[in-house]
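First the structure, in the form of structure tokens, and then the observations on it.
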Amino acid sequence: MTHSHLIPTYKRQPVAFERGEGAWLFDTAGRRYLDALSGIAVNALGHAHPALIAAIGEQANRLLHTSNLYEIEVQSRLADRLCELAGMDAVFFGNSGSEANEAAIKLARLHGHGRGIDTPRIVVMESAFHGRTLAALAATGNPSAQQGFEPLPEGFVRVPYGDLEAIRALDDGDIAAVLVEPIQGEGGVRVPPASFLPSLRALCDTRGWLLMVDEVQTGVGRTGDWFAHQASGITPDVMCLAKGLGGGVPIGATLVAGPARELFGPGSHGSTFGGNPLACRAALAVLDTIDDDGLLTHAQAMGESIRGQIEARVGGLDVVRDIRGAGLMIGIELGRPCPELVETARERGVLLNVTAGSVIRLLPPLIIAPPEVERLVDTVCELIENAAASDNDTRANA
Ligand code: PLP
């Protein structure tokens, strides 16, 4: 396949899909694949979900876009619903995860200036991923993604992920906020210690910092809670959403509570497309379906089943270093880089991803059913067993 007029920012796999149904995608040759990646945590309801199709169709027939210069009833309804689910106060809508994080970064700066700090800084984590726009990229903890784009915006201080003592030890004179993923996605499905978020919440309260959670990948049911931080019993001051929220229709959201509530006012931030009727209607359909179909409990159960079965079958192999995650955000870390498994899995009809070099990442749609779980577990275990066998052969021949 040639892409002569596409800027090659992505190294594309040699397959194109022409339709999807539930957890399955069909390529242009009619071959079907179990989608255990969901467009990187986007297709929360899988493909061609009737409720999402109906909502989008109905809205498209009525009104696609007006402008944030006018009242948008469906946007207000979505904001109400998100605030109710998150226990937060208000929402700014954008179109992507990066944009949601840009809004959070701007909020942190306003918060810092409001506290008399001239050059406010935000605490961010090693191996974090927050997006590709310049400030989100500066917050991202991946030097290879940043390389060449200097000068990056300043105002970030980096600590090891999950290390509360490192944050506590920072000279806090100019710190305004902490930005953190409840579970790191691109960084390798890394789960912090259970005490991390509650302790961080307490520290932010003591120091007057905003606690900002990037739930772009973890949010909207992915981890078996509406939002991953809820498993820790905390409420953040700022929460960023995107990916699964629109079920495939682009939408981003930055939620605020408490001290972050009054920071943006008329004219201080904006987005032409942000929260347009089509995107909001799609997001409402996603939230309603998760609710109506009990998909939080389902995601929790399917995730436990996947992790449990993989653990039982290959957890004892030397090549498997760790099996972790929450709900349907699952990482299987191998003891060596394994990028080749993406292709091997695809050849066997399963779409998955390898992140941080050696972590097999599974992000199936929340609607994945038990027979599909069996198929996924079988394929992943076979890949790992084969990897272990070929490592043994290599060792034997060395
Ligand atoms: N934040 C997190 C945690 C992400 O995983 C991502 C994307 O992978 C982003 C932000 C960026 O989102 P987007 O690509 O929609 O800008």
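Chain lettering (A, B, ...) mirrors the order of the structure tokens, residue numbering begins at 1 for each chain separately, and ligand numbering begins at 1 in order of display.
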Notebook entry, point to check: Given a cut-off of 7 Å, what residues near ligand 1 show up using only C-alpha atoms and all ligand atoms, put as JSON, numbers by chain?
Noted result: {"A": [96, 97, 98, 99, 101, 129, 130, 131, 132, 181, 184, 185, 186, 214, 215, 216, 217, 242, 243]}
Would you export the selected residues with all heavy atoms as a short mmCIF file (atom, residue, chain, number, x, y, z; two decimals), in the first residue's frame, please?
```cif
data_model
loop_
_atom_site.label_atom_id
_atom_site.label_comp_id
_atom_site.auth_asym_id
_atom_site.auth_seq_id
_atom_site.Cartn_x
_atom_site.Cartn_y
_atom_site.Cartn_z
N SER A 96 -9.66 16.29 21.78
CA SER A 96 -8.65 15.22 21.86
C SER A 96 -8.06 15.21 23.27
O SER A 96 -8.31 16.13 24.07
CB SER A 96 -7.51 15.50 20.87
OG SER A 96 -6.81 16.66 21.27
N GLY A 97 -7.27 14.19 23.52
CA GLY A 97 -6.61 14.09 24.81
C GLY A 97 -5.58 15.20 25.01
O GLY A 97 -5.48 15.78 26.09
N SER A 98 -4.82 15.48 23.96
CA SER A 98 -3.82 16.54 24.07
C SER A 98 -4.49 17.86 24.44
O SER A 98 -4.01 18.61 25.30
CB SER A 98 -3.08 16.74 22.75
OG SER A 98 -2.46 15.55 22.35
N GLU A 99 -5.59 18.12 23.78
CA GLU A 99 -6.29 19.38 24.01
C GLU A 99 -6.86 19.45 25.44
O GLU A 99 -6.86 20.51 26.07
CB GLU A 99 -7.41 19.50 22.98
CG GLU A 99 -7.69 20.91 22.55
CD GLU A 99 -8.86 20.97 21.58
OE1 GLU A 99 -9.01 20.07 20.74
OE2 GLU A 99 -9.61 21.95 21.68
N ASN A 101 -5.52 18.03 27.97
CA ASN A 101 -4.38 18.29 28.85
C ASN A 101 -3.87 19.72 28.72
O ASN A 101 -3.40 20.30 29.70
CB ASN A 101 -3.25 17.29 28.55
CG ASN A 101 -3.54 15.92 29.14
OD1 ASN A 101 -4.11 15.83 30.22
ND2 ASN A 101 -3.16 14.87 28.45
N PHE A 129 2.66 9.85 29.43
CA PHE A 129 2.28 10.30 28.09
C PHE A 129 1.06 11.20 28.20
O PHE A 129 0.03 10.80 28.74
CB PHE A 129 1.97 9.12 27.15
CG PHE A 129 1.79 9.58 25.73
CD1 PHE A 129 2.89 9.80 24.90
CD2 PHE A 129 0.52 9.85 25.23
CE1 PHE A 129 2.72 10.27 23.60
CE2 PHE A 129 0.36 10.32 23.92
CZ PHE A 129 1.45 10.52 23.11
N HIS A 130 1.19 12.42 27.68
CA HIS A 130 0.07 13.36 27.77
C HIS A 130 -0.33 13.94 26.41
O HIS A 130 -1.24 14.77 26.36
CB HIS A 130 0.40 14.49 28.75
CG HIS A 130 0.62 14.00 30.16
ND1 HIS A 130 -0.36 13.41 30.90
CD2 HIS A 130 1.73 14.00 30.94
CE1 HIS A 130 0.11 13.06 32.09
NE2 HIS A 130 1.38 13.41 32.14
N GLY A 131 0.39 13.57 25.33
CA GLY A 131 -0.03 14.03 24.01
C GLY A 131 1.10 14.69 23.26
O GLY A 131 2.23 14.79 23.74
N ARG A 132 0.77 15.16 22.06
CA ARG A 132 1.79 15.62 21.11
C ARG A 132 1.79 17.12 20.86
O ARG A 132 2.64 17.61 20.11
CB ARG A 132 1.58 14.92 19.77
CG ARG A 132 1.63 13.41 19.84
CD ARG A 132 3.05 12.92 19.93
NE ARG A 132 3.12 11.49 19.69
CZ ARG A 132 4.21 10.85 19.31
NH1 ARG A 132 5.32 11.52 19.10
NH2 ARG A 132 4.19 9.56 19.13
N GLU A 181 -1.20 10.25 35.38
CA GLU A 181 -2.13 9.21 34.91
C GLU A 181 -2.36 8.24 36.08
O GLU A 181 -1.39 7.76 36.67
CB GLU A 181 -1.51 8.43 33.75
CG GLU A 181 -1.27 9.23 32.49
CD GLU A 181 -0.18 8.60 31.62
OE1 GLU A 181 -0.49 7.74 30.79
OE2 GLU A 181 1.01 8.97 31.78
N GLN A 184 -0.41 4.38 34.06
CA GLN A 184 0.24 4.85 32.84
C GLN A 184 -0.07 3.91 31.68
O GLN A 184 0.12 2.69 31.80
CB GLN A 184 1.75 4.96 33.03
CG GLN A 184 2.14 6.16 33.88
CD GLN A 184 3.64 6.41 33.89
OE1 GLN A 184 4.43 5.49 33.65
NE2 GLN A 184 4.03 7.64 34.17
N GLY A 185 -0.53 4.48 30.57
CA GLY A 185 -0.88 3.67 29.41
C GLY A 185 0.31 3.44 28.51
O GLY A 185 0.90 2.35 28.49
N GLU A 186 0.69 4.48 27.76
CA GLU A 186 1.81 4.34 26.81
C GLU A 186 3.09 3.95 27.55
O GLU A 186 3.96 3.30 27.00
CB GLU A 186 2.05 5.66 26.05
CG GLU A 186 0.83 6.23 25.36
CD GLU A 186 0.21 5.25 24.39
OE1 GLU A 186 0.90 4.80 23.46
OE2 GLU A 186 -0.97 4.92 24.60
N ASP A 214 -4.86 12.68 34.38
CA ASP A 214 -5.03 12.44 32.95
C ASP A 214 -5.67 11.07 32.78
O ASP A 214 -5.01 10.04 32.86
CB ASP A 214 -3.67 12.51 32.24
CG ASP A 214 -3.78 12.22 30.75
OD1 ASP A 214 -4.85 11.77 30.31
OD2 ASP A 214 -2.78 12.44 30.03
N GLU A 215 -6.99 11.10 32.56
CA GLU A 215 -7.75 9.85 32.40
C GLU A 215 -8.13 9.66 30.93
O GLU A 215 -9.16 9.05 30.63
CB GLU A 215 -9.01 9.89 33.29
CG GLU A 215 -8.70 9.88 34.76
CD GLU A 215 -9.17 8.60 35.46
OE1 GLU A 215 -9.44 7.59 34.77
OE2 GLU A 215 -9.28 8.64 36.70
N VAL A 216 -7.30 10.20 30.05
CA VAL A 216 -7.60 10.09 28.62
C VAL A 216 -7.67 8.62 28.20
O VAL A 216 -8.55 8.23 27.43
CB VAL A 216 -6.54 10.87 27.81
CG1 VAL A 216 -6.59 10.53 26.33
CG2 VAL A 216 -6.73 12.38 28.01
N GLN A 217 -6.77 7.81 28.73
CA GLN A 217 -6.78 6.38 28.37
C GLN A 217 -7.55 5.54 29.39
O GLN A 217 -8.21 4.56 29.05
CB GLN A 217 -5.34 5.87 28.24
CG GLN A 217 -5.26 4.50 27.62
CD GLN A 217 -3.89 4.16 27.05
OE1 GLN A 217 -3.45 3.02 27.13
NE2 GLN A 217 -3.19 5.11 26.47
N ALA A 242 -10.82 11.82 26.99
CA ALA A 242 -10.97 11.86 25.52
C ALA A 242 -11.25 10.43 25.08
O ALA A 242 -12.17 9.81 25.61
CB ALA A 242 -9.73 12.45 24.84
N LYS A 243 -10.46 9.92 24.15
CA LYS A 243 -10.52 8.52 23.68
C LYS A 243 -11.91 7.87 23.77
O LYS A 243 -12.75 8.10 22.92
CB LYS A 243 -9.48 7.70 24.43
CG LYS A 243 -8.05 8.02 24.00
CD LYS A 243 -7.07 7.01 24.51
CE LYS A 243 -5.63 7.28 24.16
NZ LYS A 243 -5.23 6.83 22.84
#
```
Next item on the list: Considering only C-alpha atoms, return as a VMD selection string whatever protein or nucleic-acid residues lie within 10 Å of Ala299 of chain A, sequence-local ones (same chain, fewer than 4 positions apart) excluded.
Entry: chain A and resid 221 to 225 290 294 to 295 303 to 305 326 to 329 364 to 369
Just-selected residues, C-alpha atoms written as a PDB file, in the first residue's frame:
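Heads up, here's the output in part38.pdb:
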```pdb
ATOM      1  CA  GLY A 221     -15.162   2.513  32.055  1.00  0.00           C
ATOM      2  CA  ARG A 222     -11.843   1.244  30.738  1.00  0.00           C
ATOM      3  CA  THR A 223     -10.606   0.108  34.159  1.00  0.00           C
ATOM      4  CA  GLY A 224     -14.000  -1.096  35.453  1.00  0.00           C
ATOM      5  CA  ASP A 225     -14.790   2.187  37.213  1.00  0.00           C
ATOM      6  CA  ILE A 290     -22.219   1.729  29.688  1.00  0.00           C
ATOM      7  CA  GLY A 294     -23.779  -2.807  33.137  1.00  0.00           C
ATOM      8  CA  LEU A 295     -20.490  -2.464  31.261  1.00  0.00           C
ATOM      9  CA  GLY A 303     -10.576  -8.124  32.749  1.00  0.00           C
ATOM     10  CA  GLU A 304     -10.193 -10.399  35.766  1.00  0.00           C
ATOM     11  CA  SER A 305     -10.926 -13.397  33.606  1.00  0.00           C
ATOM     12  CA  ALA A 326      -7.315  -2.940  35.932  1.00  0.00           C
ATOM     13  CA  GLY A 327     -10.533  -3.853  34.151  1.00  0.00           C
ATOM     14  CA  LEU A 328      -9.898  -4.045  30.434  1.00  0.00           C
ATOM     15  CA  MET A 329      -6.584  -2.176  30.518  1.00  0.00           C
ATOM     16  CA  PRO A 364     -10.420  -4.668  24.104  1.00  0.00           C
ATOM     17  CA  PRO A 365     -13.829  -2.991  23.805  1.00  0.00           C
ATOM     18  CA  LEU A 366     -15.896  -2.968  26.998  1.00  0.00           C
ATOM     19  CA  ILE A 367     -18.483  -5.171  25.251  1.00  0.00           C
ATOM     20  CA  ILE A 368     -16.090  -8.090  24.714  1.00  0.00           C
ATOM     21  CA  ALA A 369     -17.960 -11.368  25.372  1.00  0.00           C
TER      22      ALA A 369
END
```
Note to self: DSSP on the backbone, alpha helix (DSSP H) only: what residues of segment 173-289 of chain A does that give? Format it as number ranges by chain.
What the structure shows: A: 196-207, 277-289
Selection above as a file: C-alpha atoms, as a PDB file, in the first residue's frame:
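Writing done, so here's again.pdb:
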```pdb
ATOM      1  CA  PHE A 196      -0.175   6.746  45.832  1.00  0.00           C
ATOM      2  CA  LEU A 197      -3.259   8.710  44.758  1.00  0.00           C
ATOM      3  CA  PRO A 198      -4.772   9.097  48.266  1.00  0.00           C
ATOM      4  CA  SER A 199      -1.408  10.270  49.642  1.00  0.00           C
ATOM      5  CA  LEU A 200      -0.923  12.582  46.676  1.00  0.00           C
ATOM      6  CA  ARG A 201      -4.420  14.014  47.226  1.00  0.00           C
ATOM      7  CA  ALA A 202      -3.527  14.757  50.838  1.00  0.00           C
ATOM      8  CA  LEU A 203      -0.197  16.315  49.838  1.00  0.00           C
ATOM      9  CA  CYS A 204      -1.839  18.528  47.201  1.00  0.00           C
ATOM     10  CA  ASP A 205      -4.399  19.674  49.790  1.00  0.00           C
ATOM     11  CA  THR A 206      -1.666  20.570  52.271  1.00  0.00           C
ATOM     12  CA  ARG A 207       0.429  22.428  49.712  1.00  0.00           C
ATOM     13  CA  PRO A 277     -23.752  18.655  19.136  1.00  0.00           C
ATOM     14  CA  LEU A 278     -22.616  15.574  17.211  1.00  0.00           C
ATOM     15  CA  ALA A 279     -19.738  14.737  19.559  1.00  0.00           C
ATOM     16  CA  CYS A 280     -21.797  15.380  22.697  1.00  0.00           C
ATOM     17  CA  ARG A 281     -24.669  13.274  21.464  1.00  0.00           C
ATOM     18  CA  ALA A 282     -22.246  10.402  20.749  1.00  0.00           C
ATOM     19  CA  ALA A 283     -20.690  10.739  24.218  1.00  0.00           C
ATOM     20  CA  LEU A 284     -24.105  10.679  25.884  1.00  0.00           C
ATOM     21  CA  ALA A 285     -24.926   7.475  23.986  1.00  0.00           C
ATOM     22  CA  VAL A 286     -21.638   5.930  25.164  1.00  0.00           C
ATOM     23  CA  LEU A 287     -22.319   6.847  28.809  1.00  0.00           C
ATOM     24  CA  ASP A 288     -25.954   5.664  28.638  1.00  0.00           C
ATOM     25  CA  THR A 289     -24.942   2.352  27.106  1.00  0.00           C
TER      26      THR A 289
END
```
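You can rank A:Gly208, A:Gly22, A:Pro259, A:Gly112 by their closest distance to Gly46 of chain A using only C-alpha atoms, and at the top of that list sits A:Gly22.
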Return as a Markdown table the residues of segment 236-261 of chain A lying at most 9 Å from segment 33-45 of chain A, together with the closest atom-to-atom pair for each and the distance in Å to one decimal, counting only C-alpha atoms, with rows in chain order and ascending residue number.
```
| residue | atom | partner | partner_atom | distance |
| --- | --- | --- | --- | --- |
| A:Ala242 | CA | A:Val42 | CA | 8.2 |
| A:Lys243 | CA | A:Val42 | CA | 4.5 |
| A:Gly244 | CA | A:Val42 | CA | 4.1 |
| A:Leu245 | CA | A:Val42 | CA | 7.5 |
| A:Gly246 | CA | A:Val42 | CA | 7.6 |
| A:Gly247 | CA | A:Asn43 | CA | 4.6 |
| A:Gly248 | CA | A:Asn43 | CA | 5.4 |
| A:Val249 | CA | A:Val42 | CA | 8.7 |
```
Note to self: Report, in Å to a single decimal, how far apart atom CA of Val319 of chain A and atom CA of Gly335 of chain A are.
What the structure shows: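 These two atoms are separated by 5.2 Å.
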Notebook entry, point to check: Which of segment 57-238 of chain A counts as strand (DSSP E or B) under DSSP, as number ranges by chain please?
Noted result: A: 90-94, 121-125, 156-159, 175-180, 184, 190, 210-214, 238
Store the residues picked out above in a file with N, CA, C and O atoms, as a JSON list (two decimals), in the first residue's frame.
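Result written to part.json:
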```json
[["chain", "number", "residue", "atom", "x", "y", "z"],
["A", 90, "ALA", "N", -17.67, 21.24, 36.80],
["A", 90, "ALA", "CA", -17.90, 21.86, 35.49],
["A", 90, "ALA", "C", -16.95, 21.27, 34.46],
["A", 90, "ALA", "O", -15.95, 20.64, 34.83],
["A", 91, "VAL", "N", -17.26, 21.49, 33.19],
["A", 91, "VAL", "CA", -16.50, 20.85, 32.10],
["A", 91, "VAL", "C", -16.17, 21.86, 31.00],
["A", 91, "VAL", "O", -17.03, 22.68, 30.64],
["A", 92, "PHE", "N", -14.96, 21.76, 30.46],
["A", 92, "PHE", "CA", -14.61, 22.43, 29.21],
["A", 92, "PHE", "C", -14.44, 21.34, 28.15],
["A", 92, "PHE", "O", -13.74, 20.36, 28.39],
["A", 93, "PHE", "N", -15.06, 21.49, 26.98],
["A", 93, "PHE", "CA", -14.95, 20.46, 25.95],
["A", 93, "PHE", "C", -13.98, 20.87, 24.84],
["A", 93, "PHE", "O", -14.02, 22.00, 24.34],
["A", 94, "GLY", "N", -13.12, 19.92, 24.47],
["A", 94, "GLY", "CA", -12.24, 20.06, 23.32],
["A", 94, "GLY", "C", -12.44, 18.85, 22.42],
["A", 94, "GLY", "O", -13.53, 18.25, 22.41],
["A", 121, "ARG", "N", 5.13, 25.94, 38.25],
["A", 121, "ARG", "CA", 5.59, 24.67, 37.67],
["A", 121, "ARG", "C", 4.58, 23.56, 37.98],
["A", 121, "ARG", "O", 3.85, 23.62, 38.98],
["A", 122, "ILE", "N", 4.58, 22.57, 37.12],
["A", 122, "ILE", "CA", 3.68, 21.42, 37.28],
["A", 122, "ILE", "C", 4.54, 20.18, 37.46],
["A", 122, "ILE", "O", 5.49, 19.95, 36.69],
["A", 123, "VAL", "N", 4.23, 19.39, 38.47],
["A", 123, "VAL", "CA", 4.95, 18.13, 38.68],
["A", 123, "VAL", "C", 4.40, 17.09, 37.72],
["A", 123, "VAL", "O", 3.17, 16.88, 37.67],
["A", 124, "VAL", "N", 5.28, 16.46, 36.94],
["A", 124, "VAL", "CA", 4.88, 15.40, 36.02],
["A", 124, "VAL", "C", 5.76, 14.18, 36.24],
["A", 124, "VAL", "O", 6.75, 14.25, 36.98],
["A", 125, "MET", "N", 5.40, 13.06, 35.62],
["A", 125, "MET", "CA", 6.02, 11.78, 35.96],
["A", 125, "MET", "C", 6.94, 11.27, 34.84],
["A", 125, "MET", "O", 6.70, 11.52, 33.66],
["A", 156, "PHE", "N", 7.82, 22.47, 33.93],
["A", 156, "PHE", "CA", 7.50, 21.11, 34.39],
["A", 156, "PHE", "C", 8.67, 20.58, 35.21],
["A", 156, "PHE", "O", 9.83, 20.83, 34.89],
["A", 157, "VAL", "N", 8.36, 19.84, 36.25],
["A", 157, "VAL", "CA", 9.40, 19.20, 37.04],
["A", 157, "VAL", "C", 9.03, 17.72, 37.12],
["A", 157, "VAL", "O", 7.87, 17.38, 37.38],
["A", 158, "ARG", "N", 10.00, 16.84, 36.86],
["A", 158, "ARG", "CA", 9.68, 15.42, 36.67],
["A", 158, "ARG", "C", 10.17, 14.57, 37.83],
["A", 158, "ARG", "O", 11.27, 14.79, 38.34],
["A", 159, "VAL", "N", 9.35, 13.61, 38.22],
["A", 159, "VAL", "CA", 9.72, 12.69, 39.30],
["A", 159, "VAL", "C", 9.40, 11.26, 38.83],
["A", 159, "VAL", "O", 8.61, 11.07, 37.91],
["A", 175, "ILE", "N", 5.55, 25.51, 42.77],
["A", 175, "ILE", "CA", 4.71, 24.43, 42.21],
["A", 175, "ILE", "C", 3.23, 24.80, 42.35],
["A", 175, "ILE", "O", 2.80, 25.28, 43.40],
["A", 176, "ALA", "N", 2.49, 24.54, 41.27],
["A", 176, "ALA", "CA", 1.06, 24.87, 41.27],
["A", 176, "ALA", "C", 0.18, 23.64, 41.17],
["A", 176, "ALA", "O", -0.99, 23.68, 41.54],
["A", 177, "ALA", "N", 0.72, 22.54, 40.63],
["A", 177, "ALA", "CA", -0.14, 21.39, 40.35],
["A", 177, "ALA", "C", 0.69, 20.14, 40.11],
["A", 177, "ALA", "O", 1.90, 20.21, 39.87],
["A", 178, "VAL", "N", 0.00, 19.00, 40.17],
["A", 178, "VAL", "CA", 0.60, 17.72, 39.80],
["A", 178, "VAL", "C", -0.29, 17.14, 38.70],
["A", 178, "VAL", "O", -1.52, 17.15, 38.83],
["A", 179, "LEU", "N", 0.33, 16.65, 37.62],
["A", 179, "LEU", "CA", -0.42, 16.01, 36.53],
["A", 179, "LEU", "C", 0.00, 14.55, 36.47],
["A", 179, "LEU", "O", 1.20, 14.26, 36.32],
["A", 180, "VAL", "N", -0.97, 13.64, 36.57],
["A", 180, "VAL", "CA", -0.60, 12.22, 36.68],
["A", 180, "VAL", "C", -1.66, 11.33, 36.03],
["A", 180, "VAL", "O", -2.85, 11.62, 36.11],
["A", 184, "GLN", "N", -0.41, 4.38, 34.06],
["A", 184, "GLN", "CA", 0.24, 4.85, 32.84],
["A", 184, "GLN", "C", -0.07, 3.91, 31.68],
["A", 184, "GLN", "O", 0.12, 2.69, 31.80],
["A", 190, "ARG", "N", 1.49, 0.83, 33.61],
["A", 190, "ARG", "CA", 2.14, 0.80, 34.93],
["A", 190, "ARG", "C", 1.14, 1.27, 35.99],
["A", 190, "ARG", "O", 0.50, 2.31, 35.86],
["A", 210, "LEU", "N", -3.04, 21.90, 42.68],
["A", 210, "LEU", "CA", -4.13, 21.19, 42.00],
["A", 210, "LEU", "C", -3.69, 19.76, 41.73],
["A", 210, "LEU", "O", -2.58, 19.53, 41.24],
["A", 211, "LEU", "N", -4.58, 18.81, 42.01],
["A", 211, "LEU", "CA", -4.33, 17.43, 41.61],
["A", 211, "LEU", "C", -5.06, 17.21, 40.28],
["A", 211, "LEU", "O", -6.31, 17.25, 40.23],
["A", 212, "MET", "N", -4.29, 17.00, 39.21],
["A", 212, "MET", "CA", -4.87, 16.89, 37.87],
["A", 212, "MET", "C", -4.62, 15.47, 37.35],
["A", 212, "MET", "O", -3.46, 15.04, 37.25],
["A", 213, "VAL", "N", -5.69, 14.73, 37.06],
["A", 213, "VAL", "CA", -5.50, 13.36, 36.59],
["A", 213, "VAL", "C", -5.79, 13.28, 35.09],
["A", 213, "VAL", "O", -6.80, 13.80, 34.61],
["A", 214, "ASP", "N", -4.86, 12.68, 34.38],
["A", 214, "ASP", "CA", -5.03, 12.44, 32.95],
["A", 214, "ASP", "C", -5.67, 11.07, 32.78],
["A", 214, "ASP", "O", -5.01, 10.04, 32.86],
["A", 238, "VAL", "N", -8.83, 18.47, 38.75],
["A", 238, "VAL", "CA", -8.95, 18.54, 37.29],
["A", 238, "VAL", "C", -8.86, 17.12, 36.75],
["A", 238, "VAL", "O", -8.03, 16.33, 37.23]]
```
Checklist line | Selected residue of minimal separation from Ile117 of chain A among A:Val377, A:Ile167, A:Asp172, A:His298, counting only C-alpha atoms | finding: A:Asp172
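Closest approach to Leu317 of chain A among A:Gln146, A:Asn392, A:Ala103, A:Phe264: A:Asn392, based on only C-alpha atoms.
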Next item on the list: Mind giving me the straight-line distance from atom CA of Arg31 of chain A to atom CA of Val380 of chain A in Å, one decimal?
Entry: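 For atom CA of Arg31 of chain A relative to atom CA of Val380 of chain A, the distance reads 19.2 Å.
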Next item on the list: Work out how far atom CA of Val359 of chain A is from atom CA of Asn397 of chain A, in Å to one decimal.
Entry: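 Those two atoms sit 26.2 Å apart.
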